[in-house]
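File shown: upload11.txt. Contents: compact mmCIF, C-alpha atoms.
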```
# COMPACT_ATOMS: atom_id res chain seq x y z
CA MET D 1084 -21.70 10.85 -5.07
CA ALA D 1085 -19.89 8.44 -2.79
CA ASP D 1086 -17.93 5.74 -4.55
CA GLU D 1087 -19.24 2.26 -4.12
CA VAL D 1088 -16.48 -0.30 -4.39
CA VAL D 1089 -16.97 -4.04 -4.06
CA LEU D 1090 -14.31 -6.71 -4.43
CA LEU D 1091 -15.25 -10.31 -5.19
CA GLY D 1092 -12.42 -12.55 -4.09
CA PHE D 1093 -11.28 -15.85 -2.71
CA LEU D 1094 -9.04 -16.01 0.33
CA PRO D 1095 -6.16 -18.06 -1.10
CA SER D 1096 -6.19 -16.20 -4.42
CA PRO D 1097 -3.00 -14.19 -4.95
CA PHE D 1098 -4.81 -12.33 -7.73
CA ALA D 1099 -7.53 -11.05 -5.42
CA ALA D 1100 -4.86 -10.12 -2.86
CA ARG D 1101 -3.24 -7.82 -5.43
CA LEU D 1102 -6.37 -5.71 -5.50
CA LYS D 1103 -6.73 -5.71 -1.70
CA ILE D 1104 -3.21 -4.32 -1.42
CA ALA D 1105 -3.78 -1.67 -4.09
CA LEU D 1106 -7.05 -0.51 -2.55
CA ALA D 1107 -5.40 -0.34 0.87
CA GLU D 1108 -2.43 1.60 -0.50
CA LYS D 1109 -4.81 4.13 -1.96
CA GLY D 1110 -7.01 4.32 1.14
CA VAL D 1111 -10.11 3.23 -0.77
CA GLU D 1112 -12.96 1.84 1.30
CA TYR D 1113 -14.60 -1.20 -0.16
CA GLU D 1114 -16.85 -4.11 0.61
CA TYR D 1115 -15.23 -7.50 0.30
CA LYS D 1116 -17.25 -10.56 -0.67
CA GLU D 1117 -15.73 -14.01 -0.35
CA GLU D 1118 -16.71 -16.35 -3.14
CA ASP D 1119 -17.19 -20.07 -2.75
CA LEU D 1120 -15.68 -21.23 -6.01
CA ARG D 1121 -17.49 -24.56 -5.86
CA SER D 1122 -20.71 -22.58 -5.88
CA LYS D 1123 -20.24 -19.26 -7.62
CA SER D 1124 -22.57 -16.45 -6.62
CA PRO D 1125 -25.08 -15.04 -9.12
CA LEU D 1126 -23.29 -11.72 -8.68
CA LEU D 1127 -19.97 -13.20 -9.81
CA VAL D 1128 -21.53 -14.83 -12.83
CA GLN D 1129 -23.34 -11.62 -13.71
CA MET D 1130 -20.25 -9.45 -13.27
CA ASN D 1131 -17.80 -11.76 -15.00
CA PRO D 1132 -19.91 -13.70 -17.50
CA VAL D 1133 -16.97 -14.36 -19.82
CA HIS D 1134 -14.62 -16.05 -17.35
CA LYS D 1135 -16.69 -16.43 -14.15
CA LYS D 1136 -13.52 -15.96 -12.14
CA VAL D 1137 -12.27 -13.86 -9.25
CA PRO D 1138 -11.15 -11.25 -8.58
CA VAL D 1139 -13.77 -8.86 -9.86
CA LEU D 1140 -13.67 -5.23 -8.85
CA ILE D 1141 -17.07 -3.58 -9.02
CA HIS D 1142 -16.97 0.22 -9.05
CA ASN D 1143 -20.32 1.96 -8.86
CA GLY D 1144 -21.96 -1.15 -10.27
CA LYS D 1145 -19.52 -1.61 -13.16
CA PRO D 1146 -17.26 -4.67 -13.18
CA ILE D 1147 -13.55 -4.75 -13.96
CA CYS D 1148 -12.11 -8.24 -14.42
CA GLU D 1149 -8.56 -9.62 -14.65
CA SER D 1150 -6.29 -8.61 -11.78
CA LEU D 1151 -3.61 -6.68 -13.69
CA ILE D 1152 -6.27 -4.80 -15.62
CA ALA D 1153 -8.08 -3.95 -12.38
CA LEU D 1154 -4.76 -2.86 -10.82
CA GLN D 1155 -4.24 -0.38 -13.63
CA TYR D 1156 -7.82 0.79 -13.29
CA ILE D 1157 -7.35 1.39 -9.55
CA ASP D 1158 -4.14 3.29 -10.29
CA GLU D 1159 -5.83 5.47 -12.90
CA VAL D 1160 -9.01 6.25 -10.94
CA TRP D 1161 -7.47 6.85 -7.51
CA ASN D 1162 -4.51 8.71 -8.87
CA ASP D 1163 -4.14 11.17 -6.00
CA LYS D 1164 -2.22 8.80 -3.77
CA ALA D 1165 0.40 6.02 -3.84
CA PRO D 1166 0.98 5.67 -7.60
CA LEU D 1167 1.65 2.09 -8.59
CA LEU D 1168 2.96 2.74 -12.09
CA PRO D 1169 5.70 5.34 -12.59
CA SER D 1170 5.05 8.35 -14.82
CA ASP D 1171 7.80 7.67 -17.37
CA PRO D 1172 6.48 5.57 -20.31
CA GLY D 1173 9.68 3.52 -20.52
CA LEU D 1174 9.54 2.60 -16.85
CA ARG D 1175 5.81 1.91 -17.15
CA ALA D 1176 6.56 -0.48 -20.00
CA GLN D 1177 9.15 -2.27 -17.85
CA ALA D 1178 6.66 -2.60 -14.99
CA ARG D 1179 3.97 -3.99 -17.31
CA PHE D 1180 6.49 -6.38 -18.84
CA TRP D 1181 7.50 -7.85 -15.46
CA ALA D 1182 3.92 -8.12 -14.20
CA ASP D 1183 3.06 -9.92 -17.45
CA PHE D 1184 6.13 -12.12 -16.92
CA ILE D 1185 4.95 -13.44 -13.59
CA ASP D 1186 1.47 -14.10 -14.93
CA LYS D 1187 2.86 -15.99 -17.92
CA LYS D 1188 5.05 -18.06 -15.60
CA GLU D 1189 2.14 -18.67 -13.24
CA MET D 1190 0.13 -20.18 -16.09
CA ILE D 1191 3.03 -22.51 -16.76
CA TRP D 1192 3.61 -23.64 -13.19
CA ALA D 1193 -0.10 -24.02 -12.49
CA ALA D 1194 -0.38 -26.41 -15.43
CA LYS D 1195 2.41 -28.72 -14.28
CA GLU D 1196 1.33 -32.13 -13.07
CA GLU D 1197 4.24 -32.93 -10.78
CA GLU D 1198 4.80 -30.93 -7.59
CA HIS D 1199 8.55 -30.71 -8.08
CA GLU D 1200 7.95 -29.29 -11.57
CA VAL D 1201 5.63 -26.65 -10.13
CA ALA D 1202 8.31 -25.72 -7.62
CA LYS D 1203 11.04 -25.63 -10.24
CA GLU D 1204 9.10 -23.23 -12.48
CA PHE D 1205 8.19 -21.04 -9.54
CA PHE D 1206 11.75 -20.81 -8.21
CA ASP D 1207 13.20 -20.20 -11.68
CA CYS D 1208 10.79 -17.31 -11.96
CA ILE D 1209 11.85 -15.96 -8.56
CA GLY D 1210 15.48 -16.16 -9.62
CA VAL D 1211 14.81 -14.03 -12.67
CA LEU D 1212 12.81 -11.52 -10.62
CA GLU D 1213 15.62 -11.30 -8.07
CA GLY D 1214 17.98 -10.32 -10.85
CA GLN D 1215 15.54 -7.67 -11.92
CA LEU D 1216 15.16 -6.31 -8.37
CA GLY D 1217 18.93 -5.83 -8.03
CA ASP D 1218 19.77 -3.58 -5.13
CA LYS D 1219 16.50 -1.72 -5.09
CA ALA D 1220 14.34 -1.83 -1.99
CA PHE D 1221 11.29 -2.53 -4.13
CA PHE D 1222 10.67 -3.17 -7.82
CA GLY D 1223 9.00 0.23 -7.74
CA GLY D 1224 12.15 1.85 -6.32
CA GLU D 1225 11.77 3.41 -2.90
CA THR D 1226 8.14 2.42 -2.50
CA LEU D 1227 5.77 -0.36 -3.50
CA GLY D 1228 5.02 -0.32 -7.19
CA PHE D 1229 3.01 -2.24 -9.75
CA VAL D 1230 5.36 -5.22 -9.88
CA ASP D 1231 5.67 -5.42 -6.07
CA VAL D 1232 1.89 -5.55 -5.75
CA ALA D 1233 1.68 -8.14 -8.54
CA VAL D 1234 4.29 -10.45 -7.03
CA ILE D 1235 4.04 -10.17 -3.23
CA PRO D 1236 0.76 -12.11 -2.92
CA PHE D 1237 2.70 -15.26 -3.81
CA TYR D 1238 4.35 -14.82 -0.40
CA SER D 1239 1.28 -16.52 1.07
CA TRP D 1240 2.01 -19.53 -1.11
CA LEU D 1241 5.67 -19.91 -0.17
CA SER D 1242 5.05 -22.72 2.32
CA VAL D 1243 3.36 -24.65 -0.47
CA PHE D 1244 6.21 -24.10 -2.92
CA GLU D 1245 8.77 -24.96 -0.24
CA LYS D 1246 7.02 -28.25 0.37
CA TYR D 1247 6.75 -28.99 -3.34
CA GLY D 1248 10.39 -28.14 -3.90
CA ASN D 1249 11.60 -29.59 -0.64
CA CYS D 1250 13.66 -26.48 -0.03
CA SER D 1251 13.83 -23.22 1.91
CA VAL D 1252 13.06 -20.03 0.00
CA GLU D 1253 15.31 -18.04 2.31
CA ALA D 1254 18.26 -20.31 1.61
CA LYS D 1255 17.67 -20.36 -2.14
CA HIS D 1256 16.72 -16.73 -2.64
CA PRO D 1257 17.85 -14.49 0.21
CA LYS D 1258 17.35 -11.25 -1.76
CA PHE D 1259 13.80 -12.20 -2.62
CA THR D 1260 13.17 -13.14 1.01
CA ALA D 1261 14.49 -9.79 2.21
CA TRP D 1262 12.20 -8.06 -0.27
CA THR D 1263 9.17 -10.02 0.97
CA LYS D 1264 9.98 -8.91 4.52
CA ARG D 1265 10.16 -5.28 3.45
CA CYS D 1266 6.78 -5.62 1.75
CA MET D 1267 5.23 -7.32 4.76
CA GLU D 1268 6.28 -4.37 6.95
CA LYS D 1269 3.64 -2.38 5.13
CA GLU D 1270 0.20 -2.62 6.62
CA SER D 1271 -1.44 -2.56 3.20
CA VAL D 1272 0.36 -5.81 2.44
CA SER D 1273 0.32 -7.60 5.80
CA LYS D 1274 -3.40 -6.97 6.27
CA SER D 1275 -4.25 -8.09 2.75
CA LEU D 1276 -2.39 -11.37 2.57
CA PRO D 1277 -3.76 -14.60 4.01
CA ASP D 1278 -1.61 -16.44 6.49
CA GLN D 1279 0.79 -18.93 4.89
CA ARG D 1280 -0.59 -21.64 7.17
CA ARG D 1281 -4.14 -21.16 5.88
CA VAL D 1282 -3.05 -21.31 2.27
CA TYR D 1283 -0.92 -24.38 3.00
CA ASP D 1284 -3.89 -26.12 4.60
CA PHE D 1285 -6.08 -25.18 1.66
CA LYS D 1286 -3.73 -26.50 -0.98
CA VAL D 1287 -1.70 -29.25 0.64
CA GLY D 1288 -3.69 -30.37 3.61
CA GLY D 1289 -7.20 -29.25 2.94
CA ILE D 1290 -10.38 -30.33 1.29
CA LEU D 1291 -9.78 -28.51 -1.95
CA THR D 1292 -6.46 -30.04 -2.91
CA LYS D 1293 -7.69 -30.64 -6.43
CA LEU D 1294 -8.47 -26.99 -7.12
CA PRO D 1295 -6.01 -25.76 -9.72
CA ILE D 1296 -4.03 -22.58 -9.07
CA ASP D 1297 -5.46 -20.93 -12.11
CA GLN D 1298 -5.16 -17.27 -12.95
CA ASP D 1299 -7.99 -15.58 -11.16
CA LEU D 1300 -9.05 -18.96 -9.78
CA MET L 196 15.39 14.75 -33.27
CA GLY L 197 17.65 11.78 -32.56
CA GLU L 198 14.75 9.72 -31.27
CA GLU L 199 15.49 6.60 -33.18
CA VAL L 200 12.81 3.97 -33.30
CA LYS L 201 13.72 0.47 -34.35
CA LEU L 202 11.51 -2.56 -34.66
CA PHE L 203 12.67 -6.16 -34.72
CA GLY L 204 10.00 -8.33 -36.27
CA VAL L 205 9.07 -11.09 -38.64
CA TRP L 206 7.17 -10.34 -41.86
CA GLY L 207 4.39 -12.87 -41.31
CA SER L 208 3.85 -12.38 -37.59
CA PRO L 209 0.60 -10.74 -36.50
CA PHE L 210 2.42 -9.73 -33.31
CA SER L 211 5.06 -7.65 -35.04
CA ARG L 212 2.55 -6.32 -37.59
CA ARG L 213 0.53 -4.95 -34.69
CA VAL L 214 3.41 -2.77 -33.65
CA GLU L 215 3.82 -1.52 -37.23
CA MET L 216 0.12 -0.67 -37.34
CA ALA L 217 0.39 1.39 -34.18
CA LEU L 218 3.49 3.24 -35.37
CA LYS L 219 2.00 3.96 -38.79
CA LEU L 220 -1.34 5.11 -37.37
CA LYS L 221 0.60 7.61 -35.26
CA GLY L 222 2.87 8.64 -38.11
CA VAL L 223 6.01 7.50 -36.31
CA GLU L 224 9.02 6.77 -38.49
CA TYR L 225 10.98 3.66 -37.68
CA GLU L 226 13.66 1.38 -38.97
CA TYR L 227 12.62 -2.24 -39.41
CA PHE L 228 14.84 -5.28 -38.94
CA GLU L 229 13.63 -8.68 -40.14
CA GLU L 230 14.57 -11.52 -37.79
CA ASP L 231 15.19 -15.10 -38.79
CA LEU L 232 13.58 -17.08 -35.98
CA GLN L 233 15.67 -20.13 -36.79
CA ASN L 234 18.79 -18.06 -36.33
CA LYS L 235 18.06 -15.24 -33.90
CA SER L 236 20.33 -12.22 -34.07
CA ASP L 237 22.63 -11.28 -31.21
CA LEU L 238 20.75 -8.00 -30.98
CA LEU L 239 17.40 -9.72 -30.45
CA LEU L 240 18.86 -11.95 -27.75
CA LYS L 241 20.41 -8.91 -26.11
CA TYR L 242 17.22 -6.85 -26.25
CA ASN L 243 14.85 -9.62 -25.18
CA PRO L 244 16.89 -12.01 -23.07
CA VAL L 245 13.85 -13.13 -21.08
CA HIS L 246 11.62 -14.39 -23.89
CA LYS L 247 13.95 -14.19 -26.94
CA LYS L 248 10.97 -13.29 -29.11
CA ILE L 249 9.82 -10.69 -31.56
CA PRO L 250 8.54 -8.04 -31.68
CA VAL L 251 10.99 -5.85 -29.82
CA LEU L 252 10.78 -2.08 -30.07
CA LEU L 253 13.90 -0.06 -29.44
CA HIS L 254 13.38 3.61 -28.58
CA LYS L 255 16.11 5.95 -27.36
CA GLY L 256 18.30 2.88 -27.03
CA LYS L 257 15.92 1.10 -24.64
CA PRO L 258 14.21 -2.15 -25.63
CA ILE L 259 10.56 -2.99 -24.97
CA ALA L 260 9.19 -6.50 -25.50
CA GLU L 261 5.71 -8.09 -25.60
CA SER L 262 3.40 -6.64 -28.23
CA ALA L 263 0.66 -5.49 -25.81
CA VAL L 264 3.26 -3.74 -23.63
CA ILE L 265 4.79 -2.16 -26.74
CA LEU L 266 1.39 -0.93 -27.93
CA GLU L 267 0.72 0.78 -24.59
CA TYR L 268 4.19 2.33 -24.68
CA ILE L 269 3.59 3.66 -28.18
CA ASP L 270 0.22 5.06 -27.12
CA GLU L 271 1.76 6.85 -24.13
CA THR L 272 4.76 8.19 -26.01
CA TRP L 273 3.16 9.48 -29.22
CA LYS L 274 -0.07 11.27 -28.51
CA GLY L 275 -1.56 11.52 -32.02
CA PHE L 276 -4.26 8.98 -32.95
CA PRO L 277 -4.94 7.55 -29.47
CA LEU L 278 -5.31 3.77 -29.42
CA LEU L 279 -6.85 3.49 -25.96
CA PRO L 280 -9.75 5.66 -24.83
CA LYS L 281 -9.26 8.30 -22.10
CA ASP L 282 -11.87 7.03 -19.67
CA PRO L 283 -10.43 4.50 -17.17
CA TYR L 284 -13.42 2.17 -17.40
CA GLN L 285 -13.32 2.13 -21.20
CA ARG L 286 -9.56 1.54 -21.04
CA ALA L 287 -10.08 -1.42 -18.72
CA THR L 288 -12.72 -2.79 -21.09
CA ALA L 289 -10.39 -2.46 -24.10
CA ARG L 290 -7.56 -4.16 -22.21
CA PHE L 291 -9.95 -6.95 -21.18
CA TRP L 292 -11.01 -7.70 -24.76
CA ALA L 293 -7.46 -7.45 -26.07
CA ARG L 294 -6.41 -10.00 -23.48
CA PHE L 295 -9.41 -12.16 -24.37
CA VAL L 296 -8.34 -12.19 -28.01
CA GLU L 297 -4.77 -13.16 -27.09
CA GLU L 298 -5.47 -15.70 -24.37
CA LYS L 299 -8.74 -17.25 -25.48
CA CYS L 300 -9.54 -16.60 -29.15
CA MET L 301 -6.16 -17.12 -30.72
CA PRO L 302 -5.26 -20.33 -28.89
CA ALA L 303 -8.75 -21.73 -29.58
CA LEU L 304 -8.40 -20.91 -33.28
CA PHE L 305 -4.93 -22.42 -33.55
CA ASN L 306 -6.08 -25.48 -31.68
CA CYS L 307 -8.49 -26.22 -34.53
CA THR L 308 -5.52 -26.91 -36.78
CA VAL L 309 -4.03 -29.56 -34.50
CA ALA L 310 -6.80 -30.98 -32.32
CA GLU L 311 -7.77 -34.60 -32.70
CA ASP L 312 -11.40 -33.83 -31.97
CA ARG L 313 -11.74 -31.14 -34.59
CA LYS L 314 -15.48 -30.72 -34.16
CA LYS L 315 -15.08 -29.93 -30.46
CA ALA L 316 -12.17 -27.59 -31.14
CA VAL L 317 -14.21 -25.70 -33.72
CA GLU L 318 -17.15 -25.39 -31.31
CA GLU L 319 -14.86 -23.94 -28.66
CA ALA L 320 -13.36 -21.53 -31.16
CA HIS L 321 -16.84 -20.46 -32.21
CA GLU L 322 -17.72 -19.71 -28.59
CA THR L 323 -14.84 -17.30 -28.32
CA LEU L 324 -15.75 -15.64 -31.63
CA LYS L 325 -19.34 -15.30 -30.49
CA LEU L 326 -18.25 -13.35 -27.43
CA LEU L 327 -16.15 -11.11 -29.64
CA GLU L 328 -19.03 -10.59 -32.06
CA ASN L 329 -21.27 -9.60 -29.14
CA GLU L 330 -18.69 -7.12 -27.90
CA LEU L 331 -18.37 -5.51 -31.33
CA LYS L 332 -22.15 -4.99 -31.53
CA ASP L 333 -22.91 -2.43 -34.24
CA LYS L 334 -19.63 -0.57 -34.06
CA LYS L 335 -17.54 -0.21 -37.19
CA PHE L 336 -14.42 -1.06 -35.20
CA PHE L 337 -13.87 -2.21 -31.63
CA GLY L 338 -12.36 1.25 -31.17
CA GLY L 339 -15.57 2.90 -32.38
CA GLU L 340 -15.47 4.99 -35.54
CA ASP L 341 -11.82 4.20 -36.13
CA ILE L 342 -9.21 1.58 -35.32
CA GLY L 343 -8.34 1.13 -31.66
CA PHE L 344 -6.32 -1.06 -29.33
CA VAL L 345 -8.56 -4.12 -29.59
CA ASP L 346 -8.74 -3.97 -33.40
CA ILE L 347 -4.96 -4.01 -33.62
CA VAL L 348 -4.55 -6.87 -31.16
CA ALA L 349 -7.22 -8.78 -33.10
CA ASP L 350 -5.26 -8.40 -36.35
CA PHE L 351 -4.89 -12.17 -36.68
CA ILE L 352 -8.68 -12.43 -36.89
CA GLY L 353 -9.35 -9.27 -38.90
CA GLY L 354 -6.45 -9.61 -41.30
CA TYR L 355 -5.71 -12.41 -43.75
CA TRP L 356 -4.12 -14.79 -41.27
CA LEU L 357 -7.30 -16.50 -40.11
CA ARG L 358 -8.95 -16.44 -43.54
CA ASP L 359 -5.96 -18.11 -45.17
CA ILE L 360 -5.57 -20.75 -42.48
CA GLN L 361 -9.23 -21.67 -42.52
CA GLU L 362 -9.23 -21.99 -46.29
CA ILE L 363 -6.08 -24.09 -46.45
CA VAL L 364 -6.92 -26.36 -43.55
CA GLY L 365 -10.59 -26.61 -44.52
CA LEU L 366 -12.14 -25.09 -41.42
CA GLU L 367 -15.30 -23.05 -41.02
CA LEU L 368 -14.29 -20.62 -38.34
CA LEU L 369 -15.04 -17.01 -39.21
CA THR L 370 -18.10 -17.38 -41.44
CA LYS L 371 -20.57 -14.72 -42.60
CA GLU L 372 -23.37 -16.98 -41.55
CA LYS L 373 -22.36 -17.30 -37.92
CA PHE L 374 -20.46 -14.05 -37.43
CA PRO L 375 -21.83 -11.41 -39.79
CA LYS L 376 -20.59 -8.47 -37.73
CA LEU L 377 -17.08 -9.81 -37.30
CA CYS L 378 -16.87 -10.49 -41.02
CA GLU L 379 -17.98 -6.96 -41.81
CA TRP L 380 -15.44 -5.67 -39.32
CA SER L 381 -12.66 -7.70 -40.89
CA ASP L 382 -13.49 -6.24 -44.32
CA GLU L 383 -13.28 -2.74 -42.83
CA PHE L 384 -10.03 -3.73 -41.17
CA VAL L 385 -8.21 -4.95 -44.28
CA ASN L 386 -9.48 -1.98 -46.30
CA HIS L 387 -8.49 0.66 -43.77
CA ALA L 388 -6.07 3.07 -45.45
CA VAL L 389 -3.28 2.61 -42.93
CA ILE L 390 -3.88 -1.00 -41.91
CA LYS L 391 -3.76 -2.26 -45.48
CA GLU L 392 -0.20 -0.93 -45.77
CA CYS L 393 0.78 -2.93 -42.70
CA LEU L 394 -0.51 -6.33 -43.70
CA PRO L 395 1.92 -8.94 -44.99
CA PRO L 396 1.93 -9.50 -48.78
CA ARG L 397 -1.12 -11.70 -49.48
CA ASP L 398 0.43 -14.21 -51.84
CA LYS L 399 3.47 -14.68 -49.66
CA LEU L 400 1.35 -15.29 -46.58
CA PHE L 401 -0.92 -17.74 -48.34
CA ALA L 402 2.04 -19.65 -49.73
CA PHE L 403 3.63 -19.72 -46.29
CA PHE L 404 0.53 -21.22 -44.71
CA ARG L 405 0.07 -23.70 -47.52
CA THR L 406 3.58 -25.00 -46.85
CA ARG L 407 3.05 -24.92 -43.10
CA PHE L 408 -0.32 -26.69 -43.03
CA GLY L 409 0.01 -28.80 -46.14
CA SER L 410 -3.23 -30.48 -47.07
CA LYS L 411 -4.79 -31.59 -43.81
CA SER L 412 -8.27 -32.90 -44.18
```
Can I see the file as structure tokens?
Amino acid sequence: MADEVVLLGFLPSPFAARLKIALAEKGVEYEYKEEDLRSKSPLLVQMNPVHKKVPVLIHNGKPICESLIALQYIDEVWNDKAPLLPSDPGLRAQARFWADFIDKKEMIWAAKEEEHEVAKEFFDCIGVLEGQLGDKAFFGGETLGFVDVAVIPFYSWLSVFEKYGNCSVEAKHPKFTAWTKRCMEKESVSKSLPDQRRVYDFKVGGILTKLPIDQDL
Amino acid sequence: MGEEVKLFGVWGSPFSRRVEMALKLKGVEYEYFEEDLQNKSDLLLKYNPVHKKIPVLLHKGKPIAESAVILEYIDETWKGFPLLPKDPYQRATARFWARFVEEKCMPALFNCTVAEDRKKAVEEAHETLKLLENELKDKKFFGGEDIGFVDIVADFIGGYWLRDIQEIVGLELLTKEKFPKLCEWSDEFVNHAVIKECLPPRDKLFAFFRTRFGSKS
């Protein structure tokens, strides 16, 4: 039976982008449906009745909600190619810890009222992640791993954070910047992430400036 | 075997008790270290520099932090008494509900003890419990016939923590009337042969909460 995979997402959502990257890495064909979050589709509400948020991965009619949970699901189901989590339990624990870290920090910065506070939290988080990356090419080692996929979607939001923080990411965090460039060299990443300009317009210059950057929007 | 397992925890914390439950269910021997959160040990700060919190599990000299991450590590390292199911979809479902308990139920329940509009806070807490009750359905435990991942993460609700708080503060949160299945589940939980050994001493916990919450009415 052919797999039927549908992804409900929202263009600026870094959480939906995580799943796009993972599916691309694994060569999984899927149908993408863009949600209008001001007017959620009946399908979204049916598939994620608890939170009514994106992304939702629907595999053969069954929904998987919450981006990190769906990432693990993708890794476990399509386990023949491009593993996201390593096989060693200790390293898996580290990867889960750091993915959880960014999500915890995201909840903090998304709740801040002042733009400069949002930027400060975000850049503090990047600083810690840079320390964790060290001299590795990727968090996953030689190739993209779970943490890389979890973090890189925020690349699309860098113009927004730079504006909020009145700074240059490259100047502040050169290692992180180099890592983003390595990630963007991969087609699975570059084709999955929205242009920084579009996200900037959405958040800073666009109609939906009041939309909070909530987990899973 | 030289595979030392150490756990840094706090006697009254549902988070560190979760880890003890998992270890005991799997028959893993460990050495326990009680932390004083007002005066954190150098070891704790060394092993969890990012969050500086308990629980921290130390295995083969390597620290793992965040209770949900620790639980998955334990499940992957010691194969007896699996906490998560084998099927990827069921695993995703268990992870979803565990996260729901942590991110929605527990904050909503705690909020009832501090919110100015107590009636509204209680209604919101009830909504989260209702979803949990619906998920439990007619199962003995969230894990099915025996304790599983979600049961352990929901220890705050199933164990004496919630019961004591609601009695002391004068809240009607987990009631037989509104949540008959959850109440039945919590009785099974506290009477489970292994779980009951992992719960904090009843009198001590009650006294702790009475001091903590005083007589708020």
Å distance separating CA of Ala1220 in chain D from CA of Thr1260 in chain D, one decimal place: 11.8 Å
Residue nearest Leu232 in chain L among L:Ile347, L:Ile249, L:Leu368, L:Leu279 (counting all atoms listed in the file):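 With all atoms listed in the file as the atom set, the closest residue is L:Ile249.
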Point-to-point distance in Å for CA of Val1272 in chain D and CA of Ile1104 in chain D: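 So the two atoms, CA of Ile1104 in chain D and CA of Val1272 in chain D, lie 5.5 Å apart.
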Contacts of Arg313 in chain L at 12 Å (all atoms listed in the file; same-chain gap of 2+ positions) as a PyMOL selection string: chain L and resi 303-311+315-320+364-368+411-412
Spatial neighbours of Glu1149 in chain D, max dist 9 Å, only C-alpha atoms, sep filter under 3 positions, as a CSV table (one decimal) with C-alpha atoms, in the frame of the given file:
```csv
chain,number,residue,atom,x,y,z
D,1098,PHE,CA,-4.8,-12.3,-7.7
D,1136,LYS,CA,-13.5,-16.0,-12.1
D,1137,VAL,CA,-12.3,-13.9,-9.2
D,1138,PRO,CA,-11.2,-11.2,-8.6
D,1139,VAL,CA,-13.8,-8.9,-9.9
D,1140,LEU,CA,-13.7,-5.2,-8.8
D,1152,ILE,CA,-6.3,-4.8,-15.6
D,1153,ALA,CA,-8.1,-4.0,-12.4
D,1154,LEU,CA,-4.8,-2.9,-10.8
D,1298,GLN,CA,-5.2,-17.3,-13.0
D,1299,ASP,CA,-8.0,-15.6,-11.2
L,291,PHE,CA,-10.0,-7.0,-21.2
```
Chain D contacts on chain L, all atoms listed in the file, 10 Å, as a count of residues only: 34
Would you compute the box with edges along x, y and z of the file around range 1260-1276 of chain D, including every atom the file lists for it and 6 Å extra on each side, and give its centre and edge lengths in Å to one decimal, as AutoDock Vina command-line options?
```
--center_x 5.1 --center_y -7.8 --center_z 3.3 --size_x 30.7 --size_y 22.8 --size_z 19.2
```
Nearest to Val385 in chain L by atom-to-atom distance, counting all atoms listed in the file, from L:Leu220, L:Ile352, L:Ala402, L:Ala293: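 Nearest to Val385 in chain L: L:Ile352.
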d(CA of Lys201 in chain L, CA of Leu253 in chain L) in Å: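 So the answer is 4.9 Å.
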Pick from D:Pro1169, D:Phe1205, D:Asp1186, D:Tyr1238, whichever lies nearest to Gly1224 in chain D using only C-alpha atoms: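 Closest to Gly1224 in chain D of all the choices is D:Pro1169.
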